[in-house]
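Okay, upload.cif is below, mmCIF, C-alpha atoms:
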```cif
data_run
#
loop_
_atom_site.group_PDB
_atom_site.id
_atom_site.type_symbol
_atom_site.label_atom_id
_atom_site.label_comp_id
_atom_site.auth_asym_id
_atom_site.auth_seq_id
_atom_site.Cartn_x
_atom_site.Cartn_y
_atom_site.Cartn_z
ATOM 1 C CA MET A 1 -5.943 23.186 -0.954
ATOM 2 C CA VAL A 2 -6.879 21.056 1.973
ATOM 3 C CA ALA A 3 -7.667 22.839 5.195
ATOM 4 C CA ALA A 4 -4.890 22.933 7.774
ATOM 5 C CA HIS A 5 -5.895 22.127 11.313
ATOM 6 C CA VAL A 6 -2.543 22.568 13.042
ATOM 7 C CA GLY A 7 -0.604 24.424 10.381
ATOM 8 C CA LEU A 8 -0.693 25.689 6.851
ATOM 9 C CA ILE A 9 2.781 25.129 5.488
ATOM 10 C CA SER A 10 4.762 21.903 5.386
ATOM 11 C CA SER A 11 7.924 21.481 7.425
ATOM 12 C CA GLY A 12 9.956 22.982 4.582
ATOM 13 C CA TYR A 13 8.400 26.420 5.135
ATOM 14 C CA ARG A 14 9.090 27.953 8.549
ATOM 15 C CA PHE A 15 7.910 31.336 9.705
ATOM 16 C CA PRO A 16 9.264 33.141 12.744
ATOM 17 C CA SER A 17 6.881 34.009 15.553
ATOM 18 C CA LEU A 18 5.137 37.335 15.069
ATOM 19 C CA PRO A 19 4.321 39.444 18.138
ATOM 20 C CA ARG A 20 0.537 39.484 17.952
ATOM 21 C CA PHE A 21 -0.175 36.587 15.649
ATOM 22 C CA PRO A 22 -0.485 32.903 16.527
ATOM 23 C CA SER A 23 2.469 30.645 15.871
ATOM 24 C CA LEU A 24 2.054 27.649 13.625
ATOM 25 C CA SER A 25 3.081 24.052 14.160
ATOM 26 C CA PHE A 26 4.100 21.912 11.246
ATOM 27 C CA PRO A 27 3.063 18.262 10.838
ATOM 28 C CA LYS A 28 5.895 15.986 9.760
ATOM 29 C CA THR A 29 3.935 13.564 7.641
ATOM 30 C CA LYS A 30 1.399 15.712 5.783
ATOM 31 C CA PRO A 31 1.573 19.399 4.843
ATOM 32 C CA PHE A 32 -2.189 19.821 5.269
ATOM 33 C CA VAL A 33 -4.789 18.160 7.486
ATOM 34 C CA MET A 34 -8.537 18.384 6.984
ATOM 35 C CA ALA A 35 -10.418 20.425 9.560
ATOM 36 C CA ALA A 36 -14.049 20.035 10.447
ATOM 37 C CA LEU A 37 -16.314 22.561 8.742
ATOM 38 C CA SER A 38 -18.240 25.121 10.762
ATOM 39 C CA GLU A 39 -20.858 27.582 9.585
ATOM 40 C CA ASP A 40 -18.209 30.340 9.497
ATOM 41 C CA PRO A 41 -14.725 28.780 9.607
ATOM 42 C CA ILE A 42 -13.017 32.158 9.047
ATOM 43 C CA ARG A 43 -14.604 33.751 12.106
ATOM 44 C CA GLU A 44 -14.063 30.566 14.111
ATOM 45 C CA TRP A 45 -10.307 30.523 13.387
ATOM 46 C CA ILE A 46 -9.823 34.234 14.097
ATOM 47 C CA LEU A 47 -11.608 33.939 17.446
ATOM 48 C CA SER A 48 -9.671 30.837 18.482
ATOM 49 C CA GLU A 49 -6.255 30.218 16.937
ATOM 50 C CA GLY A 50 -6.106 33.840 15.806
ATOM 51 C CA LYS A 51 -6.122 34.877 19.500
ATOM 52 C CA ALA A 52 -8.827 37.511 19.006
ATOM 53 C CA THR A 53 -11.792 37.905 21.352
ATOM 54 C CA GLN A 54 -13.820 40.124 19.040
ATOM 55 C CA ILE A 55 -13.968 41.152 15.386
ATOM 56 C CA THR A 56 -14.505 44.904 15.310
ATOM 57 C CA ARG A 57 -14.864 45.473 11.564
ATOM 58 C CA ILE A 58 -14.951 43.610 8.236
ATOM 59 C CA SER A 59 -14.245 45.744 5.159
ATOM 60 C CA PRO A 60 -13.753 44.886 1.464
ATOM 61 C CA VAL A 61 -10.315 45.233 -0.149
ATOM 62 C CA GLY A 62 -10.202 45.958 -3.881
ATOM 63 C CA GLY A 63 -7.679 44.959 -6.553
ATOM 64 C CA GLY A 64 -8.472 41.429 -7.745
ATOM 65 C CA CYS A 65 -11.022 39.999 -10.158
ATOM 66 C CA ILE A 66 -10.886 36.275 -9.286
ATOM 67 C CA ASN A 67 -11.330 36.285 -5.520
ATOM 68 C CA ARG A 68 -13.132 38.401 -2.927
ATOM 69 C CA ALA A 69 -10.742 40.072 -0.477
ATOM 70 C CA SER A 70 -11.572 41.450 2.966
ATOM 71 C CA ARG A 71 -9.831 42.998 5.931
ATOM 72 C CA TYR A 72 -10.849 41.672 9.349
ATOM 73 C CA ASP A 73 -9.987 44.105 12.156
ATOM 74 C CA THR A 74 -9.852 42.535 15.619
ATOM 75 C CA ASP A 75 -8.578 43.247 19.096
ATOM 76 C CA ALA A 76 -5.572 41.038 18.224
ATOM 77 C CA GLY A 77 -4.689 42.936 15.049
ATOM 78 C CA SER A 78 -5.875 42.789 11.441
ATOM 79 C CA PHE A 79 -6.124 39.809 9.089
ATOM 80 C CA PHE A 80 -6.344 39.672 5.309
ATOM 81 C CA VAL A 81 -8.879 37.116 4.037
ATOM 82 C CA LYS A 82 -9.529 35.955 0.478
ATOM 83 C CA THR A 83 -12.462 33.771 -0.509
ATOM 84 C CA ASN A 84 -13.536 32.081 -3.709
ATOM 85 C CA ARG A 85 -17.069 30.720 -3.928
ATOM 86 C CA SER A 86 -16.485 28.270 -6.773
ATOM 87 C CA ILE A 87 -12.888 26.964 -6.579
ATOM 88 C CA GLY A 88 -11.770 24.448 -3.969
ATOM 89 C CA PRO A 89 -8.844 24.869 -1.551
ATOM 90 C CA SER A 90 -6.144 23.670 -3.999
ATOM 91 C CA MET A 91 -5.769 27.160 -5.512
ATOM 92 C CA PHE A 92 -5.027 28.791 -2.162
ATOM 93 C CA GLU A 93 -2.783 25.891 -1.150
ATOM 94 C CA GLY A 94 -0.524 26.717 -4.087
ATOM 95 C CA GLU A 95 -0.550 30.390 -3.105
ATOM 96 C CA ALA A 96 0.385 29.575 0.487
ATOM 97 C CA LEU A 97 3.313 27.401 -0.591
ATOM 98 C CA GLY A 98 4.472 30.185 -2.909
ATOM 99 C CA LEU A 99 4.339 32.731 -0.097
ATOM 100 C CA GLY A 100 6.399 30.358 2.025
ATOM 101 C CA ALA A 101 9.049 29.954 -0.673
ATOM 102 C CA MET A 102 9.351 33.714 -1.170
ATOM 103 C CA TYR A 103 9.494 34.295 2.588
ATOM 104 C CA GLU A 104 12.466 31.953 2.893
ATOM 105 C CA THR A 105 14.580 34.144 0.576
ATOM 106 C CA GLU A 106 14.598 36.789 3.356
ATOM 107 C CA SER A 107 14.426 39.543 0.740
ATOM 108 C CA ILE A 108 11.114 41.099 -0.266
ATOM 109 C CA ARG A 109 8.338 41.114 2.295
ATOM 110 C CA VAL A 110 5.343 38.837 1.833
ATOM 111 C CA PRO A 111 2.292 38.367 4.080
ATOM 112 C CA ARG A 112 2.448 35.403 6.437
ATOM 113 C CA PRO A 113 -0.268 32.826 5.627
ATOM 114 C CA PHE A 114 -2.141 31.331 8.581
ATOM 115 C CA LYS A 115 -4.973 29.096 7.426
ATOM 116 C CA VAL A 116 -6.529 27.588 4.303
ATOM 117 C CA GLY A 117 -9.773 25.678 4.175
ATOM 118 C CA PRO A 118 -13.060 24.925 2.399
ATOM 119 C CA LEU A 119 -16.188 27.027 2.836
ATOM 120 C CA PRO A 120 -19.285 25.132 4.006
ATOM 121 C CA THR A 121 -21.341 26.404 1.042
ATOM 122 C CA GLY A 122 -18.615 25.591 -1.502
ATOM 123 C CA GLY A 123 -15.377 27.267 -2.461
ATOM 124 C CA SER A 124 -12.461 28.070 -0.195
ATOM 125 C CA TYR A 125 -10.628 30.701 1.827
ATOM 126 C CA ILE A 126 -7.161 31.777 2.960
ATOM 127 C CA ILE A 127 -6.352 33.850 6.053
ATOM 128 C CA MET A 128 -3.078 35.741 6.189
ATOM 129 C CA GLU A 129 -1.280 38.660 7.768
ATOM 130 C CA PHE A 130 -2.608 42.097 6.853
ATOM 131 C CA ILE A 131 0.065 44.588 5.770
ATOM 132 C CA GLU A 132 -0.432 48.337 5.514
ATOM 133 C CA PHE A 133 0.764 49.544 2.108
ATOM 134 C CA GLY A 134 2.982 52.410 1.015
ATOM 135 C CA ARG A 135 5.359 52.860 -1.987
ATOM 136 C CA SER A 136 7.014 50.054 -3.935
ATOM 137 C CA ARG A 137 10.500 49.502 -5.366
ATOM 138 C CA GLY A 138 12.362 47.066 -7.623
ATOM 139 C CA ARG A 139 15.558 46.281 -5.731
ATOM 140 C CA LYS A 140 13.985 43.834 -3.285
ATOM 141 C CA LEU A 141 12.351 41.926 -6.136
ATOM 142 C CA ALA A 142 15.764 41.503 -7.765
ATOM 143 C CA GLU A 143 17.216 40.365 -4.445
ATOM 144 C CA MET A 144 14.530 37.683 -4.249
ATOM 145 C CA HIS A 145 15.356 36.521 -7.777
ATOM 146 C CA LYS A 146 19.038 36.439 -6.902
ATOM 147 C CA ALA A 147 18.565 34.574 -3.625
ATOM 148 C CA GLY A 148 15.822 32.145 -4.640
ATOM 149 C CA LYS A 149 17.387 29.485 -6.873
ATOM 150 C CA SER A 150 16.452 25.861 -7.529
ATOM 151 C CA LYS A 151 18.673 22.851 -8.117
ATOM 152 C CA LYS A 152 15.692 20.903 -9.505
ATOM 153 C CA GLY A 153 15.401 22.967 -12.669
ATOM 154 C CA PHE A 154 12.426 24.993 -13.839
ATOM 155 C CA GLY A 155 9.025 24.462 -12.221
ATOM 156 C CA PHE A 156 7.708 24.190 -8.669
ATOM 157 C CA ASP A 157 6.879 21.500 -6.128
ATOM 158 C CA VAL A 158 3.139 21.855 -6.800
ATOM 159 C CA ASP A 159 0.935 22.996 -9.646
ATOM 160 C CA ASN A 160 -0.895 26.229 -8.827
ATOM 161 C CA THR A 161 -3.085 28.769 -10.605
ATOM 162 C CA ILE A 162 -2.632 31.950 -12.636
ATOM 163 C CA GLY A 163 -5.842 33.793 -11.848
ATOM 164 C CA SER A 164 -8.161 30.780 -11.785
ATOM 165 C CA THR A 165 -6.407 28.991 -14.663
ATOM 166 C CA PRO A 166 -4.368 25.898 -13.736
ATOM 167 C CA GLN A 167 -0.625 26.515 -13.995
ATOM 168 C CA ILE A 168 1.457 23.397 -14.598
ATOM 169 C CA ASN A 169 4.824 23.384 -12.835
ATOM 170 C CA THR A 170 6.307 19.990 -13.718
ATOM 171 C CA TRP A 171 10.054 20.135 -13.111
ATOM 172 C CA THR A 172 11.938 20.525 -16.396
ATOM 173 C CA SER A 173 15.679 20.887 -16.964
ATOM 174 C CA ASP A 174 15.404 23.172 -20.015
ATOM 175 C CA TRP A 175 13.783 26.606 -19.758
ATOM 176 C CA VAL A 176 12.719 26.869 -23.406
ATOM 177 C CA GLU A 177 11.021 23.484 -23.184
ATOM 178 C CA PHE A 178 9.317 24.414 -19.916
ATOM 179 C CA TYR A 179 8.018 27.735 -21.196
ATOM 180 C CA ALA A 180 6.932 26.352 -24.534
ATOM 181 C CA GLU A 181 5.017 23.389 -23.114
ATOM 182 C CA HIS A 182 3.802 24.403 -19.655
ATOM 183 C CA ARG A 183 3.150 28.085 -20.298
ATOM 184 C CA LEU A 184 2.391 28.854 -23.946
ATOM 185 C CA GLY A 185 1.369 25.325 -24.915
ATOM 186 C CA TYR A 186 -1.117 24.929 -22.083
ATOM 187 C CA GLN A 187 -2.797 28.254 -22.832
ATOM 188 C CA LEU A 188 -2.935 27.603 -26.584
ATOM 189 C CA LYS A 189 -4.569 24.215 -26.030
ATOM 190 C CA LEU A 190 -7.046 25.821 -23.641
ATOM 191 C CA ALA A 191 -7.991 28.394 -26.297
ATOM 192 C CA LEU A 192 -8.493 25.599 -28.808
ATOM 193 C CA ASP A 193 -10.643 23.551 -26.437
ATOM 194 C CA GLN A 194 -12.618 26.487 -25.067
ATOM 195 C CA TYR A 195 -13.172 28.579 -28.183
ATOM 196 C CA GLY A 196 -12.275 26.242 -31.039
ATOM 197 C CA ASP A 197 -9.623 28.807 -31.983
ATOM 198 C CA SER A 198 -7.543 26.706 -34.355
ATOM 199 C CA LEU A 199 -5.851 29.740 -35.936
ATOM 200 C CA ILE A 200 -4.195 31.033 -32.777
ATOM 201 C CA TYR A 201 -3.400 27.453 -31.779
ATOM 202 C CA GLU A 202 -1.662 26.572 -35.057
ATOM 203 C CA LYS A 203 0.286 29.815 -35.230
ATOM 204 C CA GLY A 204 1.209 29.544 -31.564
ATOM 205 C CA GLU A 205 2.463 25.999 -32.059
ATOM 206 C CA LYS A 206 4.701 27.246 -34.860
ATOM 207 C CA LEU A 207 6.103 29.904 -32.539
ATOM 208 C CA LYS A 208 6.678 27.320 -29.800
ATOM 209 C CA LYS A 209 8.897 25.258 -32.101
ATOM 210 C CA ASN A 210 11.051 28.303 -32.799
ATOM 211 C CA LEU A 211 11.326 29.802 -29.320
ATOM 212 C CA TRP A 212 14.952 28.681 -29.087
ATOM 213 C CA ARG A 213 15.864 31.505 -31.478
ATOM 214 C CA LEU A 214 15.188 34.029 -28.718
ATOM 215 C CA PHE A 215 17.518 32.345 -26.234
ATOM 216 C CA GLU A 216 20.725 31.661 -28.150
ATOM 217 C CA ASN A 217 23.786 32.278 -25.964
ATOM 218 C CA VAL A 218 21.605 33.276 -22.989
ATOM 219 C CA LYS A 219 22.463 31.832 -19.582
ATOM 220 C CA ILE A 220 19.247 31.156 -17.687
ATOM 221 C CA GLU A 221 19.125 30.252 -14.004
ATOM 222 C CA PRO A 222 15.958 29.004 -12.293
ATOM 223 C CA CYS A 223 14.978 32.020 -10.174
ATOM 224 C CA LEU A 224 12.056 32.079 -7.775
ATOM 225 C CA LEU A 225 9.323 34.123 -9.472
ATOM 226 C CA HIS A 226 6.202 35.660 -8.043
ATOM 227 C CA GLY A 227 4.553 34.719 -11.341
ATOM 228 C CA ASP A 228 1.656 37.201 -11.483
ATOM 229 C CA LEU A 229 3.221 40.562 -10.759
ATOM 230 C CA TRP A 230 0.847 43.379 -11.637
ATOM 231 C CA SER A 231 -0.059 46.631 -9.880
ATOM 232 C CA GLY A 232 -2.644 44.968 -7.641
ATOM 233 C CA ASN A 233 -0.077 42.504 -6.320
ATOM 234 C CA ILE A 234 2.903 44.723 -5.543
ATOM 235 C CA SER A 235 3.158 47.623 -3.139
ATOM 236 C CA SER A 236 5.031 48.533 0.044
ATOM 237 C CA ASP A 237 4.296 48.568 3.727
ATOM 238 C CA LYS A 238 3.857 51.770 5.715
ATOM 239 C CA ASP A 239 7.630 51.974 6.240
ATOM 240 C CA GLY A 240 8.312 51.868 2.502
ATOM 241 C CA GLU A 241 9.477 48.247 2.417
ATOM 242 C CA PRO A 242 8.276 46.404 -0.727
ATOM 243 C CA VAL A 243 5.485 43.839 -0.323
ATOM 244 C CA ILE A 244 4.231 41.362 -2.936
ATOM 245 C CA LEU A 245 0.955 39.452 -2.751
ATOM 246 C CA ASP A 246 -1.129 36.761 -4.472
ATOM 247 C CA PRO A 247 1.713 34.718 -5.985
ATOM 248 C CA ALA A 248 1.645 32.131 -8.757
ATOM 249 C CA CYS A 249 5.165 30.995 -7.904
ATOM 250 C CA TYR A 250 7.559 28.867 -9.882
ATOM 251 C CA TYR A 251 11.269 28.819 -10.697
ATOM 252 C CA GLY A 252 11.943 30.340 -14.097
ATOM 253 C CA HIS A 253 13.826 32.915 -16.158
ATOM 254 C CA ASN A 254 13.850 36.163 -14.201
ATOM 255 C CA GLU A 255 12.693 38.131 -17.272
ATOM 256 C CA ALA A 256 9.401 36.218 -17.214
ATOM 257 C CA GLU A 257 8.521 38.134 -14.050
ATOM 258 C CA PHE A 258 7.727 41.173 -16.186
ATOM 259 C CA GLY A 259 5.118 39.419 -18.313
ATOM 260 C CA MET A 260 2.341 41.393 -16.623
ATOM 261 C CA SER A 261 4.129 44.733 -17.082
ATOM 262 C CA TRP A 262 1.325 45.916 -19.373
ATOM 263 C CA CYS A 263 -0.829 46.377 -16.287
ATOM 264 C CA ALA A 264 1.834 46.794 -13.621
ATOM 265 C CA GLY A 265 2.903 50.418 -14.084
ATOM 266 C CA PHE A 266 6.604 49.702 -13.571
ATOM 267 C CA GLY A 267 8.541 52.930 -14.150
ATOM 268 C CA GLY A 268 12.130 53.688 -14.990
ATOM 269 C CA ALA A 269 13.162 53.895 -11.340
ATOM 270 C CA PHE A 270 11.745 50.410 -10.701
ATOM 271 C CA TYR A 271 13.694 48.845 -13.585
ATOM 272 C CA ASN A 272 16.886 50.771 -12.821
ATOM 273 C CA ALA A 273 16.847 49.515 -9.246
ATOM 274 C CA TYR A 274 16.109 45.982 -10.402
ATOM 275 C CA PHE A 275 18.928 45.831 -12.964
ATOM 276 C CA GLU A 276 21.456 47.132 -10.451
ATOM 277 C CA VAL A 277 21.071 43.791 -8.681
ATOM 278 C CA MET A 278 20.148 41.529 -11.616
ATOM 279 C CA PRO A 279 22.028 42.859 -14.667
ATOM 280 C CA LYS A 280 20.109 43.117 -17.909
ATOM 281 C CA GLN A 281 20.873 40.290 -20.341
ATOM 282 C CA GLU A 282 21.558 40.746 -24.021
ATOM 283 C CA GLY A 283 18.423 40.289 -26.096
ATOM 284 C CA LEU A 284 15.978 41.191 -23.335
ATOM 285 C CA GLU A 285 13.979 43.503 -25.590
ATOM 286 C CA LYS A 286 13.381 40.854 -28.231
ATOM 287 C CA ARG A 287 12.184 38.405 -25.554
ATOM 288 C CA ARG A 288 9.932 40.863 -23.730
ATOM 289 C CA GLU A 289 6.876 40.232 -25.893
ATOM 290 C CA VAL A 290 7.034 36.450 -25.586
ATOM 291 C CA TYR A 291 6.649 36.815 -21.818
ATOM 292 C CA LEU A 292 3.693 39.156 -22.282
ATOM 293 C CA LEU A 293 2.124 36.541 -24.538
ATOM 294 C CA TYR A 294 1.548 34.021 -21.754
ATOM 295 C CA HIS A 295 -0.517 36.506 -19.778
ATOM 296 C CA TYR A 296 -2.436 37.812 -22.790
ATOM 297 C CA LEU A 297 -3.370 34.229 -23.638
ATOM 298 C CA ASN A 298 -4.436 33.629 -20.050
ATOM 299 C CA HIS A 299 -6.608 36.753 -20.072
ATOM 300 C CA TYR A 300 -8.116 35.610 -23.366
ATOM 301 C CA ASN A 301 -8.996 32.275 -21.801
ATOM 302 C CA LEU A 302 -10.318 33.873 -18.608
ATOM 303 C CA PHE A 303 -12.121 36.952 -19.877
ATOM 304 C CA GLY A 304 -12.810 36.450 -23.564
ATOM 305 C CA SER A 305 -12.022 37.841 -26.991
ATOM 306 C CA GLY A 306 -10.963 41.328 -25.887
ATOM 307 C CA TYR A 307 -7.452 39.985 -25.318
ATOM 308 C CA ARG A 308 -7.211 37.794 -28.411
ATOM 309 C CA SER A 309 -5.914 40.497 -30.746
ATOM 310 C CA SER A 310 -3.022 41.358 -28.417
ATOM 311 C CA ALA A 311 -1.973 37.715 -28.219
ATOM 312 C CA MET A 312 -2.327 37.155 -31.960
ATOM 313 C CA SER A 313 -0.374 40.321 -32.752
ATOM 314 C CA ILE A 314 2.594 39.117 -30.691
ATOM 315 C CA ILE A 315 2.531 35.689 -32.337
ATOM 316 C CA ASP A 316 2.321 37.197 -35.840
ATOM 317 C CA ASP A 317 5.174 39.615 -35.133
ATOM 318 C CA TYR A 318 7.477 36.801 -34.038
ATOM 319 C CA LEU A 319 6.541 34.626 -37.008
ATOM 320 C CA ARG A 320 7.388 37.515 -39.344
ATOM 321 C CA THR A 321 10.678 38.091 -37.533
ATOM 322 C CA PHE A 322 11.529 34.418 -37.979
ATOM 323 C CA ASN A 323 10.375 34.494 -41.642
ATOM 324 C CA LEU A 324 7.827 31.760 -40.964
#
```

Can you present the structure in this file as structure tokens?
Amino acid sequence: MVAAHVGLISSGYRFPSLPRFPSLSFPKTKPFVMAALSEDPIREWILSEGKATQITRISPVGGGCINRASRYDTDAGSFFVKTNRSIGPSMFEGEALGLGAMYETESIRVPRPFKVGPLPTGGSYIIMEFIEFGRSRGRKLAEMHKAGKSKKGFGFDVDNTIGSTPQINTWTSDWVEFYAEHRLGYQLKLALDQYGDSLIYEKGEKLKKNLWRLFENVKIEPCLLHGDLWSGNISSDKDGEPVILDPACYYGHNEAEFGMSWCAGFGGAFYNAYFEVMPKQEGLEKRREVYLLYHYLNHYNLFGSGYRSSAMSIIDDYLRTFNL
């Protein structure tokens, strides 16, 4: 991401004024404008455009493993700040655009992003609204999926990241093609290049060519997805309204949203509420594992061999099912 001097989101993403937070202006020609670096650009923004006169406390916020998260308490309210010491602003730019797209559905609550920029010592940061958490529910997520649709097909206006892995969002008219090439295919090639893992690559390529078998007679609409929905990224505000964070947004099959369910802790009440709004499609159970596979492969590529067996097991099970 490039730092925004007068605004974070392009003219396509508009946020209403919030009582204690600064309003943003939106440049018409460029979504992002470079800002001059200071020794502490986060503090500088909070004490100027953030309308605070003093920062009273900075405390760490747990939950993620890619970025460092902090809460900045000030006399103008609290801000949520994420920093990454090795990755440039493009990662947080994609997150900010995703937050904007989800906000526009007027369904589930998302934190308002304020500023993205580079750190003077390398890396980048994003400043956004801080939300107090409570309990979470599934209905609002389904309402977002129902409201957020794309006429461009499957993909997103920008590439972004899943964790710190690049996520390719090239617009594609066919869901099976999109998922095979830009989700599974990208991760399989990364495993081959990074680890020389030709076995998982070759078996995965065979699965890719037969993915269509899982989607026969299934109507798939391009729904706006959070993209990385696990327990650390979904909660509720203090009033019980659902809140989702840290998106890796794109438009895709709504079932793909549950690909991180193995570390999300979704219970029966969550799914029941979701399917009241977005009815369950025939064959969901046989497709469930293929959506887990993308995230297992990504964890393999990010964190090493501990996730390889889970990914390989899913691939082998599908190949046996297909008699391949």

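The residues returned by the PyMOL selection byres ((chain A and resi 74) around 7) for this structure are Ala52, Gln54, Ile55, Thr56, Tyr72, Asp73, Asp75, Ala76, Gly77 and Ser78 of chain A.
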
Please check which residues have atoms at most 10 Å from (12.1, 30.5, -14.3) in the file's coordinates, counting only C-alpha atoms, and write them as a list in words.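 Within 10 Å of (12.1, 30.5, -14.3), the protein and nucleic acid residues are His145, Lys149, Ser150, Gly153, Phe154, Gly155, Phe156, Asp174, Trp175, Val176, Phe178, Tyr179, Ile220, Glu221, Pro222, Cys223, Leu224, Leu225, Gly227, Cys249, Tyr250, Tyr251, Gly252, His253, Asn254, Glu255, Ala256 and Glu257 of chain A.
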
Counting all atoms listed in the file, which residue out of A:Ala69, A:Ile108, A:Ala180, A:Ile244 sits closest to A:Leu207? A:Ala180

Matched chain/residue IDs from the PyMOL selection byres ((chain A and resi 93-96) around 6), as a list in words: Met1, Ser90, Met91, Phe92, Leu97, Gly98, Leu99, Asn160 and Pro247 of chain A

Could you work out how far atom CA of A:Arg112 lies from atom CA of A:Val277, giving the answer in Å with one decimal?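 So the answer is 25.4 Å.
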
Rounded to one decimal, what separation in Å do you get between atom CA of A:Val116 and atom CA of A:Asn84?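 Atom CA of A:Val116 sits 11.6 Å away from atom CA of A:Asn84.
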
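Using only C-alpha atoms for every distance, the candidate list A:Ile42, A:Ile131, A:Ile58, A:Ile126 yields A:Ile131 as the residue closest to A:Lys238.
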
Could you tell me how far atom CA of A:Phe130 lies from atom CA of A:Val243, in Å and to one decimal?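 These atoms are spaced 11.0 Å apart.
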